[in-house]
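input-v6.txt follows; it contains compact mmCIF, C-alpha atoms and all ligand atoms.
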```
# COMPACT_ATOMS: atom_id res chain seq x y z
CA MET Q 1 0.00 0.00 0.00
CA ASN Q 2 1.04 3.59 -0.45
CA LEU Q 3 2.03 4.88 2.97
CA LYS Q 4 2.43 8.51 1.82
CA GLY Q 5 -0.27 10.42 3.67
CA ALA Q 6 -1.79 7.21 5.13
CA ARG Q 7 -3.45 7.89 8.48
CA CYS Q 8 -1.80 5.59 11.01
CA LEU Q 9 -2.88 4.94 14.60
CA ILE Q 10 -0.53 3.01 16.90
CA THR Q 11 -1.09 1.86 20.49
CA GLY Q 12 1.50 1.67 23.26
CA CYS Q 13 4.06 4.17 21.91
CA SER Q 14 5.80 5.12 25.16
CA SER Q 15 8.70 2.74 24.44
CA GLY Q 16 9.99 -0.19 22.41
CA ILE Q 17 8.32 -1.47 19.26
CA GLY Q 18 5.38 0.97 19.36
CA ARG Q 19 7.59 4.01 19.53
CA ALA Q 20 9.90 2.70 16.79
CA THR Q 21 6.91 1.87 14.58
CA ALA Q 22 5.48 5.38 15.01
CA LEU Q 23 8.79 6.87 13.89
CA ALA Q 24 9.20 4.40 11.00
CA LEU Q 25 5.67 5.03 9.66
CA ALA Q 26 6.23 8.79 9.92
CA GLY Q 27 9.58 8.32 8.12
CA ALA Q 28 7.71 6.47 5.35
CA GLY Q 29 5.44 9.49 4.83
CA GLY Q 30 2.49 8.37 6.95
CA ARG Q 31 0.38 10.80 8.99
CA VAL Q 32 0.92 9.26 12.40
CA TRP Q 33 -1.11 9.39 15.59
CA ALA Q 34 0.97 7.78 18.33
CA SER Q 35 -0.97 6.84 21.46
CA ALA Q 36 -0.13 6.01 25.06
CA ARG Q 37 -1.82 5.68 28.42
CA ARG Q 38 0.21 8.67 29.60
CA ARG Q 39 0.37 11.12 26.73
CA GLN Q 40 3.20 13.05 28.40
CA SER Q 41 5.42 9.98 27.81
CA ILE Q 42 5.22 10.53 24.03
CA THR Q 43 4.91 14.30 23.51
CA ASP Q 44 8.58 14.44 22.39
CA LEU Q 45 7.43 12.60 19.23
CA GLU Q 46 5.55 15.76 18.21
CA SER Q 47 8.86 17.33 17.16
CA GLN Q 48 9.00 14.57 14.48
CA GLY Q 49 5.63 15.59 13.03
CA ILE Q 50 3.75 12.87 14.94
CA GLN Q 51 0.47 13.68 16.69
CA THR Q 52 -0.10 12.23 20.13
CA VAL Q 53 -3.26 10.83 21.71
CA ASP Q 54 -4.25 9.48 25.14
CA LEU Q 55 -5.30 5.87 24.78
CA ASP Q 56 -5.61 3.00 27.23
CA VAL Q 57 -6.68 -0.03 25.16
CA THR Q 58 -8.81 -1.34 28.02
CA ASP Q 59 -10.97 1.83 27.92
CA ALA Q 60 -13.71 1.66 25.26
CA ALA Q 61 -14.56 5.38 25.56
CA ALA Q 62 -10.89 6.35 25.08
CA ILE Q 63 -10.75 4.14 21.96
CA HIS Q 64 -13.84 5.85 20.55
CA ARG Q 65 -12.32 9.31 21.23
CA ALA Q 66 -8.95 8.40 19.68
CA VAL Q 67 -10.48 6.86 16.54
CA SER Q 68 -12.83 9.86 16.10
CA LEU Q 69 -9.87 12.20 16.42
CA VAL Q 70 -7.88 10.41 13.71
CA GLY Q 71 -10.93 10.13 11.46
CA GLU Q 72 -10.27 7.73 8.61
CA VAL Q 73 -7.73 5.24 9.99
CA ASP Q 74 -5.83 3.62 7.09
CA VAL Q 75 -3.33 1.66 9.22
CA LEU Q 76 -4.04 0.48 12.75
CA THR Q 77 -1.12 -1.01 14.69
CA ASN Q 78 -2.18 -2.93 17.80
CA ASN Q 79 1.09 -2.93 19.70
CA ALA Q 80 0.22 -2.30 23.37
CA GLY Q 81 0.91 -5.32 25.53
CA TYR Q 82 2.72 -6.64 28.56
CA GLY Q 83 3.83 -9.95 30.03
CA LEU Q 84 2.68 -11.79 33.14
CA GLU Q 85 4.95 -14.33 34.79
CA GLY Q 86 3.44 -17.23 36.72
CA ALA Q 87 2.56 -20.91 36.38
CA VAL Q 88 -1.05 -21.68 35.44
CA GLU Q 89 -1.84 -22.52 39.06
CA GLU Q 90 -0.33 -19.27 40.33
CA VAL Q 91 -2.33 -16.82 38.19
CA ALA Q 92 -5.49 -15.35 39.73
CA ASP Q 93 -8.67 -14.60 37.75
CA GLU Q 94 -8.21 -10.81 37.90
CA GLU Q 95 -4.60 -11.10 36.73
CA LEU Q 96 -5.60 -13.32 33.83
CA PHE Q 97 -8.44 -11.01 32.85
CA GLU Q 98 -6.17 -7.95 32.94
CA GLN Q 99 -3.62 -9.77 30.75
CA TYR Q 100 -6.25 -10.69 28.15
CA ASN Q 101 -7.97 -7.32 28.48
CA THR Q 102 -4.80 -5.59 27.25
CA ASN Q 103 -3.26 -8.15 24.88
CA LEU Q 104 -6.41 -9.54 23.21
CA PHE Q 105 -9.57 -7.58 24.03
CA GLY Q 106 -7.74 -4.28 23.38
CA PRO Q 107 -6.87 -5.16 19.77
CA TRP Q 108 -10.36 -6.64 19.31
CA ARG Q 109 -12.00 -3.37 20.50
CA LEU Q 110 -9.76 -1.25 18.28
CA CYS Q 111 -10.49 -3.41 15.24
CA ARG Q 112 -14.23 -3.07 15.85
CA ALA Q 113 -13.79 0.70 15.96
CA VAL Q 114 -11.84 1.07 12.69
CA LEU Q 115 -13.29 -1.74 10.53
CA PRO Q 116 -16.55 -0.05 9.45
CA GLY Q 117 -14.60 2.87 7.94
CA MET Q 118 -12.02 0.59 6.31
CA ARG Q 119 -14.79 -1.55 4.80
CA GLU Q 120 -16.60 1.51 3.45
CA ARG Q 121 -13.45 2.89 1.86
CA GLY Q 122 -12.41 -0.55 0.58
CA HIS Q 123 -8.89 -0.41 1.96
CA GLY Q 124 -6.84 -0.45 5.13
CA ALA Q 125 -4.30 -2.43 7.10
CA ILE Q 126 -4.42 -3.87 10.59
CA VAL Q 127 -1.07 -4.76 12.13
CA ASN Q 128 -1.26 -6.93 15.23
CA ILE Q 129 1.97 -7.24 17.21
CA SER Q 130 1.90 -10.82 18.42
CA SER Q 131 5.08 -12.78 19.19
CA PHE Q 132 6.71 -16.05 18.14
CA GLY Q 133 5.43 -17.00 21.60
CA GLY Q 134 1.96 -16.97 20.01
CA GLU Q 135 2.88 -20.34 18.52
CA VAL Q 136 5.37 -21.63 21.09
CA PRO Q 137 4.42 -22.43 24.71
CA TYR Q 138 6.96 -21.97 27.48
CA PRO Q 139 6.60 -22.94 31.15
CA GLY Q 140 5.91 -20.14 33.60
CA ILE Q 141 4.51 -17.49 31.23
CA GLY Q 142 1.30 -19.16 30.13
CA ALA Q 143 -0.98 -16.16 30.63
CA TYR Q 144 1.14 -14.02 28.30
CA ARG Q 145 1.80 -16.69 25.71
CA THR Q 146 -1.80 -17.90 25.58
CA SER Q 147 -2.96 -14.29 25.12
CA LYS Q 148 -0.68 -14.22 22.06
CA PHE Q 149 -1.94 -17.67 20.92
CA ALA Q 150 -5.41 -16.13 21.06
CA LEU Q 151 -4.24 -13.04 19.19
CA GLU Q 152 -2.86 -15.34 16.49
CA GLY Q 153 -6.27 -16.97 16.10
CA PHE Q 154 -7.90 -13.54 16.12
CA SER Q 155 -5.64 -12.21 13.34
CA TRP Q 156 -6.13 -15.33 11.24
CA THR Q 157 -9.92 -15.18 11.62
CA LEU Q 158 -9.99 -11.46 10.87
CA HIS Q 159 -7.87 -12.01 7.75
CA LEU Q 160 -10.38 -14.60 6.49
CA GLU Q 161 -13.26 -12.22 7.19
CA VAL Q 162 -11.95 -8.93 5.79
CA ALA Q 163 -9.34 -9.62 3.08
CA HIS Q 164 -12.03 -9.46 0.39
CA PHE Q 165 -13.00 -5.96 1.59
CA GLY Q 166 -9.46 -4.85 0.65
CA ILE Q 167 -8.23 -4.90 4.26
CA ARG Q 168 -4.83 -6.44 4.95
CA VAL Q 169 -4.19 -8.10 8.30
CA LEU Q 170 -0.54 -8.44 9.28
CA ASP Q 171 0.28 -10.68 12.22
CA VAL Q 172 3.78 -9.74 13.41
CA GLN Q 173 5.81 -12.31 15.38
CA PRO Q 174 8.94 -10.60 16.69
CA GLY Q 175 11.68 -12.45 18.45
CA LEU Q 176 13.26 -11.02 21.57
CA THR Q 177 13.43 -7.25 21.11
CA GLU Q 178 15.16 -4.54 23.14
CA SER Q 179 12.42 -2.58 24.90
CA ASP Q 180 10.93 -1.92 28.34
CA PHE Q 181 9.06 -5.24 28.15
CA GLY Q 182 11.17 -6.83 30.91
CA ALA Q 183 10.76 -3.81 33.18
CA HIS Q 184 6.97 -3.82 32.59
CA MET Q 185 6.63 -7.58 33.23
CA LYS Q 186 4.23 -8.44 36.08
CA ARG Q 187 4.43 -11.36 38.50
CA ALA Q 188 1.40 -13.43 39.43
CA SER Q 189 0.33 -13.10 43.07
CA GLY Q 190 0.53 -16.89 43.50
CA MET Q 191 4.28 -17.02 42.88
CA LYS Q 192 5.79 -17.83 46.28
CA PRO Q 193 9.37 -18.68 47.20
CA GLY Q 194 9.83 -22.40 47.74
CA ASN Q 195 6.46 -23.46 46.31
CA ALA Q 196 6.00 -26.35 43.84
CA TYR Q 197 6.92 -24.15 40.86
CA ALA Q 198 9.84 -22.18 42.35
CA GLY Q 199 12.43 -24.55 40.81
CA MET Q 200 10.64 -24.42 37.46
CA HIS Q 201 10.77 -20.61 37.44
CA GLU Q 202 14.48 -20.71 38.26
CA THR Q 203 15.09 -23.13 35.39
CA SER Q 204 12.88 -21.06 33.04
CA ALA Q 205 14.81 -17.90 33.85
CA ARG Q 206 18.16 -19.63 33.31
CA VAL Q 207 17.14 -21.26 30.02
CA TYR Q 208 15.21 -18.31 28.55
CA PRO Q 209 18.31 -16.40 27.35
CA ARG Q 210 19.48 -19.51 25.47
CA MET Q 211 16.29 -19.43 23.44
CA SER Q 212 16.93 -15.86 22.31
CA PRO Q 213 20.63 -15.12 22.72
CA LYS Q 214 20.46 -11.80 20.87
CA ALA Q 215 17.72 -9.16 21.10
CA LEU Q 216 16.65 -7.23 18.01
CA PRO Q 217 16.62 -3.45 18.09
CA PRO Q 218 12.97 -2.31 17.97
CA GLU Q 219 13.78 -0.37 14.79
CA ALA Q 220 14.40 -3.70 13.01
CA VAL Q 221 10.85 -4.81 13.81
CA ALA Q 222 9.45 -1.41 12.78
CA GLU Q 223 11.36 -1.38 9.47
CA ALA Q 224 10.19 -4.94 8.69
CA ILE Q 225 6.58 -3.82 9.26
CA VAL Q 226 6.96 -0.78 7.01
CA ALA Q 227 8.65 -2.84 4.27
CA GLU Q 228 5.81 -5.39 4.42
CA LEU Q 229 3.07 -2.75 4.36
CA ARG Q 230 4.64 -1.10 1.30
CA LYS Q 231 4.02 -4.30 -0.72
CA ASP Q 232 0.71 -4.60 -2.56
CA SER Q 233 0.06 -7.96 -0.93
CA GLY Q 234 1.86 -10.46 1.23
CA PRO Q 235 1.47 -13.22 3.77
CA LEU Q 236 -0.57 -12.96 6.97
CA ARG Q 237 2.45 -13.59 9.21
CA LEU Q 238 5.63 -11.60 9.48
CA ARG Q 239 8.26 -13.33 11.63
CA VAL Q 240 11.22 -11.14 12.62
CA GLY Q 241 14.44 -12.44 14.16
CA GLU Q 242 16.51 -15.62 14.08
CA ASP Q 243 15.02 -16.87 17.38
CA ALA Q 244 11.47 -16.43 16.10
CA HIS Q 245 12.19 -18.54 13.00
CA ARG Q 246 14.12 -21.21 14.97
CA MET Q 247 11.55 -21.58 17.77
CA VAL Q 248 8.58 -21.81 15.39
CA ALA Q 249 10.51 -24.45 13.39
CA ALA Q 250 11.13 -26.34 16.68
CA ILE Q 251 7.41 -26.42 17.57
CA ARG Q 252 6.35 -27.30 14.01
CA ALA Q 253 8.65 -30.35 14.17
CA GLY Q 254 6.05 -31.85 16.54
CA ASP Q 255 4.99 -31.72 20.21
CA ASP Q 256 7.49 -34.34 21.43
CA GLU Q 257 10.27 -32.92 19.29
CA TYR Q 258 9.66 -29.49 20.83
CA GLU Q 259 9.92 -30.88 24.38
CA ARG Q 260 13.07 -32.73 23.38
CA TYR Q 261 14.46 -29.45 21.98
CA LEU Q 262 13.73 -27.69 25.29
CA VAL Q 263 15.51 -30.40 27.27
CA SER Q 264 18.40 -31.46 25.06
CA GLN Q 265 19.15 -28.27 23.12
CA LEU Q 266 18.22 -25.59 25.63
CA GLY Q 267 18.92 -27.57 28.82
CA PHE Q 268 15.49 -27.25 30.43
CA ASP Q 269 16.45 -29.71 33.20
CA TRP Q 270 13.85 -28.98 35.87
CA HIS Q 271 13.89 -32.31 37.74
CA PRO Q 272 10.34 -33.60 37.04
CA TRP Q 273 11.12 -33.32 33.32
CA LYS Q 274 14.30 -35.38 33.67
CA ASN Q 275 12.25 -38.33 34.91
CA ARG Q 276 10.13 -38.44 31.77
CA SER Q 277 10.85 -41.33 29.46
CA GLY Q 278 12.33 -40.45 26.12
CA PHE Q 279 14.12 -37.33 27.35
N1 LIG G 1 10.19 -7.10 23.60
C1 LIG G 1 10.04 -8.32 23.14
O1 LIG G 1 10.95 -9.16 23.26
C2 LIG G 1 8.77 -8.71 22.41
C3 LIG G 1 8.80 -9.88 21.63
C4 LIG G 1 7.65 -10.26 20.96
C5 LIG G 1 6.51 -9.49 21.05
N2 LIG G 1 6.50 -8.35 21.80
C6 LIG G 1 5.26 -7.56 21.84
O2 LIG G 1 5.53 -6.28 21.36
C7 LIG G 1 4.58 -5.36 21.89
C8 LIG G 1 5.31 -4.13 22.39
O3 LIG G 1 6.12 -4.49 23.47
P1 LIG G 1 7.59 -3.91 23.73
O4 LIG G 1 8.52 -5.03 23.67
O5 LIG G 1 7.83 -2.72 22.89
O6 LIG G 1 7.47 -3.55 25.28
P2 LIG G 1 7.33 -2.15 26.06
O7 LIG G 1 8.54 -1.32 25.80
O8 LIG G 1 7.01 -2.53 27.46
O9 LIG G 1 6.09 -1.46 25.37
C9 LIG G 1 4.77 -1.86 25.63
C10 LIG G 1 3.85 -0.70 25.47
O10 LIG G 1 2.50 -1.12 25.73
C11 LIG G 1 1.90 -0.13 26.54
N3 LIG G 1 0.73 -0.60 27.26
C12 LIG G 1 0.64 -1.57 28.20
N4 LIG G 1 -0.64 -1.68 28.63
C13 LIG G 1 -1.37 -0.76 27.94
C14 LIG G 1 -2.73 -0.39 27.91
N5 LIG G 1 -3.64 -0.97 28.71
N6 LIG G 1 -3.12 0.59 27.05
C15 LIG G 1 -2.22 1.20 26.25
N7 LIG G 1 -0.92 0.91 26.24
C16 LIG G 1 -0.49 -0.07 27.08
C17 LIG G 1 3.00 0.39 27.44
O11 LIG G 1 2.63 1.65 27.91
P3 LIG G 1 2.88 2.23 29.39
O12 LIG G 1 4.13 3.04 29.25
O13 LIG G 1 1.67 3.04 29.66
O14 LIG G 1 3.01 1.03 30.31
C18 LIG G 1 4.16 0.45 26.43
O15 LIG G 1 4.11 1.64 25.68
C19 LIG G 1 3.81 -6.11 22.96
O16 LIG G 1 2.54 -6.50 22.46
C20 LIG G 1 4.68 -7.33 23.22
O17 LIG G 1 3.92 -8.42 23.66
C21 LIG G 1 7.62 -7.95 22.47
```

Could you render the structure as structure tokens?
Amino acid sequence: MNLKGARCLITGCSSGIGRATALALAGAGGRVWASARRRQSITDLESQGIQTVDLDVTDAAAIHRAVSLVGEVDVLTNNAGYGLEGAVEEVADEELFEQYNTNLFGPWRLCRAVLPGMRERGHGAIVNISSFGGEVPYPGIGAYRTSKFALEGFSWTLHLEVAHFGIRVLDVQPGLTESDFGAHMKRASGMKPGNAYAGMHETSARVYPRMSPKALPPEAVAEAIVAELRKDSGPLRLRVGEDAHRMVAAIRAGDDEYERYLVSQLGFDWHPWKNRSGF
């Protein structure tokens, strides 16, 4: 699509991938509205010709206001998201709801707000920032990863529903990326020192860096998105980063092969796993 003059709305621009994407879309000639929960965290972007908007993706009224302000949204980038650490058993209902409210219901609400206009005009693009973790489970961060699994299903469904209206859905699966993601990560209230999962969390934390030894700069993800949007058409999924490609290949080899990869390649040696036959 032609990005020159395209009206672009992006969520979660205070740091990381959202901020880099706002700058990259503006650099490609787009008219950009960057949004954040705390607008003061992004007002410096105004010196780059970017407009700024208050937007918490869990707030339906704020979404309505932001979309009305932009008017005809040509490119929506659903980027806002955070991670929640905790084993399945350790995550409380409210924590799970909050995770899904931001990472899944937020994009869903925003899509509902912009789709009628895109359909009427017969064009538009929706970019959902998922993760390779949307295809690859990992112990101890199930709430986050399953919210991305759900976002994957959402993007795929949306693509099937709206492609024939001229609307492109782009499901972006970045690998590990330098950002404030780690600093923003929450811990489930059920995580307690010495409980049944404490050893698993220790192992997870030790093994995690082996999965993604090198983080991408957020600009690399942003540039990949812009390059993809510039094409007239392309695939639903955009995977960015060596780790993203390798980990998706590992899971696609099969369920058992993926577990074997975790144990024998990455050294996920939490003791209950060692006792499993075949590992
Ligand atoms: N970094 C990685 O390794 C990585 C890898 C794969 C996918 N991703 C995905 O990339 C996206 C961006 O993350 P990042 O890595 O750039 O992390 P980040 O630096 O923490 O940025 C996340 C952004 O989301 C915003 N946000 C959180 N909750 C929000 C809400 N309710 N409403 C509006 N904004 C909200 C944060 O704003 P505040 O400043 O208000 O908190 C922040 O601007 C996320 O969806 C993440 O899951 C990241």

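Between atom O4 of ligand LIG 1 (chain G) and atom CA of Q:His245 the interatomic distance comes to 17.6 Å.
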
Any chance you could tabulate, as CSV, the residues of chain Q at most 7 Å from ligand LIG 1 (chain G) with each one's nearest atom pair and distance in Å to one decimal, using all atoms listed in the file, in chain and rising number order?
```
residue,atom,partner,partner_atom,distance
Q:Thr11,CA,G:LIG1,N7,5.8
Q:Gly12,CA,G:LIG1,O15,3.6
Q:Cys13,CA,G:LIG1,O15,4.5
Q:Ser14,CA,G:LIG1,O15,3.9
Q:Ser15,CA,G:LIG1,O7,4.3
Q:Gly16,CA,G:LIG1,O5,3.4
Q:Ile17,CA,G:LIG1,O5,3.9
Q:Gly18,CA,G:LIG1,O5,5.7
Q:Ala36,CA,G:LIG1,N7,5.3
Q:Arg37,CA,G:LIG1,O13,4.5
Q:Arg38,CA,G:LIG1,O13,5.8
Q:Leu55,CA,G:LIG1,C15,5.8
Q:Asp56,CA,G:LIG1,N6,3.5
Q:Val57,CA,G:LIG1,N6,4.1
Q:Thr58,CA,G:LIG1,N5,5.2
Q:Asn79,CA,G:LIG1,O16,4.7
Q:Ala80,CA,G:LIG1,O10,3.5
Q:Gly81,CA,G:LIG1,O16,3.7
Q:Tyr82,CA,G:LIG1,O17,5.3
Q:Gly83,CA,G:LIG1,O17,6.6
Q:Thr102,CA,G:LIG1,N5,5.0
Q:Asn103,CA,G:LIG1,O16,6.5
Q:Ile129,CA,G:LIG1,O16,5.3
Q:Ser130,CA,G:LIG1,C5,5.5
Q:Ser131,CA,G:LIG1,C4,4.0
Q:Phe132,CA,G:LIG1,C4,6.5
Q:Gln173,CA,G:LIG1,C4,6.2
Q:Pro174,CA,G:LIG1,C4,4.5
Q:Gly175,CA,G:LIG1,C3,5.0
Q:Leu176,CA,G:LIG1,O1,3.4
Q:Thr177,CA,G:LIG1,O1,3.8
Q:Glu178,CA,G:LIG1,N1,5.6
Q:Ser179,CA,G:LIG1,O7,4.2
Q:Asp180,CA,G:LIG1,O7,3.5
Q:Phe181,CA,G:LIG1,O8,3.5
Q:Gly182,CA,G:LIG1,O8,6.9
Q:Ala183,CA,G:LIG1,O8,7.0
Q:His184,CA,G:LIG1,O8,5.3
```

Print the selection's residues with C-alpha atoms to a file, as a PDB file, in the coordinates of the input.
```
ATOM      1  CA  THR Q  11      -1.090   1.860  20.490  1.00  0.00           C
ATOM      2  CA  GLY Q  12       1.500   1.670  23.260  1.00  0.00           C
ATOM      3  CA  CYS Q  13       4.060   4.170  21.910  1.00  0.00           C
ATOM      4  CA  SER Q  14       5.800   5.120  25.160  1.00  0.00           C
ATOM      5  CA  SER Q  15       8.700   2.740  24.440  1.00  0.00           C
ATOM      6  CA  GLY Q  16       9.990  -0.190  22.410  1.00  0.00           C
ATOM      7  CA  ILE Q  17       8.320  -1.470  19.260  1.00  0.00           C
ATOM      8  CA  GLY Q  18       5.380   0.970  19.360  1.00  0.00           C
ATOM      9  CA  ALA Q  36      -0.130   6.010  25.060  1.00  0.00           C
ATOM     10  CA  ARG Q  37      -1.820   5.680  28.420  1.00  0.00           C
ATOM     11  CA  ARG Q  38       0.210   8.670  29.600  1.00  0.00           C
ATOM     12  CA  LEU Q  55      -5.300   5.870  24.780  1.00  0.00           C
ATOM     13  CA  ASP Q  56      -5.610   3.000  27.230  1.00  0.00           C
ATOM     14  CA  VAL Q  57      -6.680  -0.030  25.160  1.00  0.00           C
ATOM     15  CA  THR Q  58      -8.810  -1.340  28.020  1.00  0.00           C
ATOM     16  CA  ASN Q  79       1.090  -2.930  19.700  1.00  0.00           C
ATOM     17  CA  ALA Q  80       0.220  -2.300  23.370  1.00  0.00           C
ATOM     18  CA  GLY Q  81       0.910  -5.320  25.530  1.00  0.00           C
ATOM     19  CA  TYR Q  82       2.720  -6.640  28.560  1.00  0.00           C
ATOM     20  CA  GLY Q  83       3.830  -9.950  30.030  1.00  0.00           C
ATOM     21  CA  THR Q 102      -4.800  -5.590  27.250  1.00  0.00           C
ATOM     22  CA  ASN Q 103      -3.260  -8.150  24.880  1.00  0.00           C
ATOM     23  CA  ILE Q 129       1.970  -7.240  17.210  1.00  0.00           C
ATOM     24  CA  SER Q 130       1.900 -10.820  18.420  1.00  0.00           C
ATOM     25  CA  SER Q 131       5.080 -12.780  19.190  1.00  0.00           C
ATOM     26  CA  PHE Q 132       6.710 -16.050  18.140  1.00  0.00           C
ATOM     27  CA  GLN Q 173       5.810 -12.310  15.380  1.00  0.00           C
ATOM     28  CA  PRO Q 174       8.940 -10.600  16.690  1.00  0.00           C
ATOM     29  CA  GLY Q 175      11.680 -12.450  18.450  1.00  0.00           C
ATOM     30  CA  LEU Q 176      13.260 -11.020  21.570  1.00  0.00           C
ATOM     31  CA  THR Q 177      13.430  -7.250  21.110  1.00  0.00           C
ATOM     32  CA  GLU Q 178      15.160  -4.540  23.140  1.00  0.00           C
ATOM     33  CA  SER Q 179      12.420  -2.580  24.900  1.00  0.00           C
ATOM     34  CA  ASP Q 180      10.930  -1.920  28.340  1.00  0.00           C
ATOM     35  CA  PHE Q 181       9.060  -5.240  28.150  1.00  0.00           C
ATOM     36  CA  GLY Q 182      11.170  -6.830  30.910  1.00  0.00           C
ATOM     37  CA  ALA Q 183      10.760  -3.810  33.180  1.00  0.00           C
ATOM     38  CA  HIS Q 184       6.970  -3.820  32.590  1.00  0.00           C
TER      39      HIS Q 184
END
```

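Distances from Q:Ala220, Q:Met211, Q:Ala87, Q:Ile225 to Q:Ala28 were compared using only C-alpha atoms, and the smallest one belongs to Q:Ile225.
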
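By only C-alpha atoms, and with residues fewer than 4 positions from Q:Glu135 along its chain excluded, the set lying at most 10 Å from it is Ser130, Ser131, Arg145, Thr146, Lys148, Phe149, Ala150, Glu152, Gln173, Ala244, Met247, Val248, Ile251 and Arg252 of chain Q.
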
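Omitting Q:Leu104 and its sequence neighbours fewer than 3 positions away, and counting all atoms listed in the file, the residues within 9 Å are Q:Gly81, Q:Gln99, Q:Tyr100, Q:Asn101, Q:Pro107, Q:Trp108, Q:Arg109, Q:Ser147, Q:Lys148, Q:Ala150, Q:Leu151, Q:Phe154.
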
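Using only C-alpha atoms, the contacts of stretch 62-71 of chain Q at a cut-off of 10 Å, with sequence neighbours closer than 6 positions omitted, comprise Arg7, Cys8, Leu9, Arg31, Val32, Trp33, Ser35, Arg37, Gln51, Thr52, Val53, Asp54, Leu55, Asp56, Gly106, Arg109, Leu110, Ala113, Val114 and Gly117 of chain Q.
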
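Reported to one decimal place, the separation of atom CA of Q:Leu238 from atom CA of Q:His123 is 19.8 Å.
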
(request) Could you please determine the separation between atom CA of Q:Val91 and atom CA of Q:Tyr138 in Å, to one decimal place? (result) 15.1 Å

Could you give me stretch 78-90 of chain Q completed to N, CA, C and O atoms, formatted as a tab-separated table (two decimals), keeping the file's coordinate frame?
```tsv
chain	number	residue	atom	x	y	z
Q	78	ASN	N	-1.88	-2.49	16.43
Q	78	ASN	CA	-2.18	-2.93	17.80
Q	78	ASN	C	-0.88	-3.45	18.40
Q	78	ASN	O	-0.50	-4.60	18.17
Q	79	ASN	N	-0.22	-2.58	19.13
Q	79	ASN	CA	1.09	-2.93	19.70
Q	79	ASN	C	1.06	-3.08	21.22
Q	79	ASN	O	1.80	-3.89	21.78
Q	80	ALA	N	0.21	-2.32	21.91
Q	80	ALA	CA	0.22	-2.30	23.37
Q	80	ALA	C	0.13	-3.71	23.94
Q	80	ALA	O	-0.69	-4.52	23.49
Q	81	GLY	N	0.95	-4.00	24.91
Q	81	GLY	CA	0.91	-5.32	25.53
Q	81	GLY	C	1.92	-5.41	26.65
Q	81	GLY	O	2.83	-4.58	26.75
Q	82	TYR	N	1.74	-6.41	27.50
Q	82	TYR	CA	2.72	-6.64	28.56
Q	82	TYR	C	2.71	-8.13	28.88
Q	82	TYR	O	1.83	-8.88	28.43
Q	83	GLY	N	3.72	-8.55	29.67
Q	83	GLY	CA	3.83	-9.95	30.03
Q	83	GLY	C	3.49	-10.20	31.49
Q	83	GLY	O	3.67	-9.32	32.34
Q	84	LEU	N	2.99	-11.38	31.77
Q	84	LEU	CA	2.68	-11.79	33.14
Q	84	LEU	C	3.37	-13.13	33.40
Q	84	LEU	O	3.13	-14.11	32.70
Q	85	GLU	N	4.21	-13.12	34.44
Q	85	GLU	CA	4.95	-14.33	34.79
Q	85	GLU	C	4.13	-15.10	35.82
Q	85	GLU	O	3.50	-14.49	36.69
Q	86	GLY	N	4.17	-16.42	35.74
Q	86	GLY	CA	3.44	-17.23	36.72
Q	86	GLY	C	3.00	-18.53	36.08
Q	86	GLY	O	2.60	-18.56	34.91
Q	87	ALA	N	3.09	-19.64	36.85
Q	87	ALA	CA	2.56	-20.91	36.38
Q	87	ALA	C	1.03	-20.82	36.33
Q	87	ALA	O	0.44	-19.98	37.01
Q	88	VAL	N	0.42	-21.69	35.57
Q	88	VAL	CA	-1.05	-21.68	35.44
Q	88	VAL	C	-1.72	-21.59	36.81
Q	88	VAL	O	-2.61	-20.79	37.05
Q	89	GLU	N	-1.23	-22.44	37.73
Q	89	GLU	CA	-1.84	-22.52	39.06
Q	89	GLU	C	-1.64	-21.25	39.89
Q	89	GLU	O	-2.37	-21.04	40.86
Q	90	GLU	N	-0.68	-20.44	39.52
Q	90	GLU	CA	-0.33	-19.27	40.33
Q	90	GLU	C	-1.05	-17.99	39.89
Q	90	GLU	O	-0.97	-16.96	40.58
```
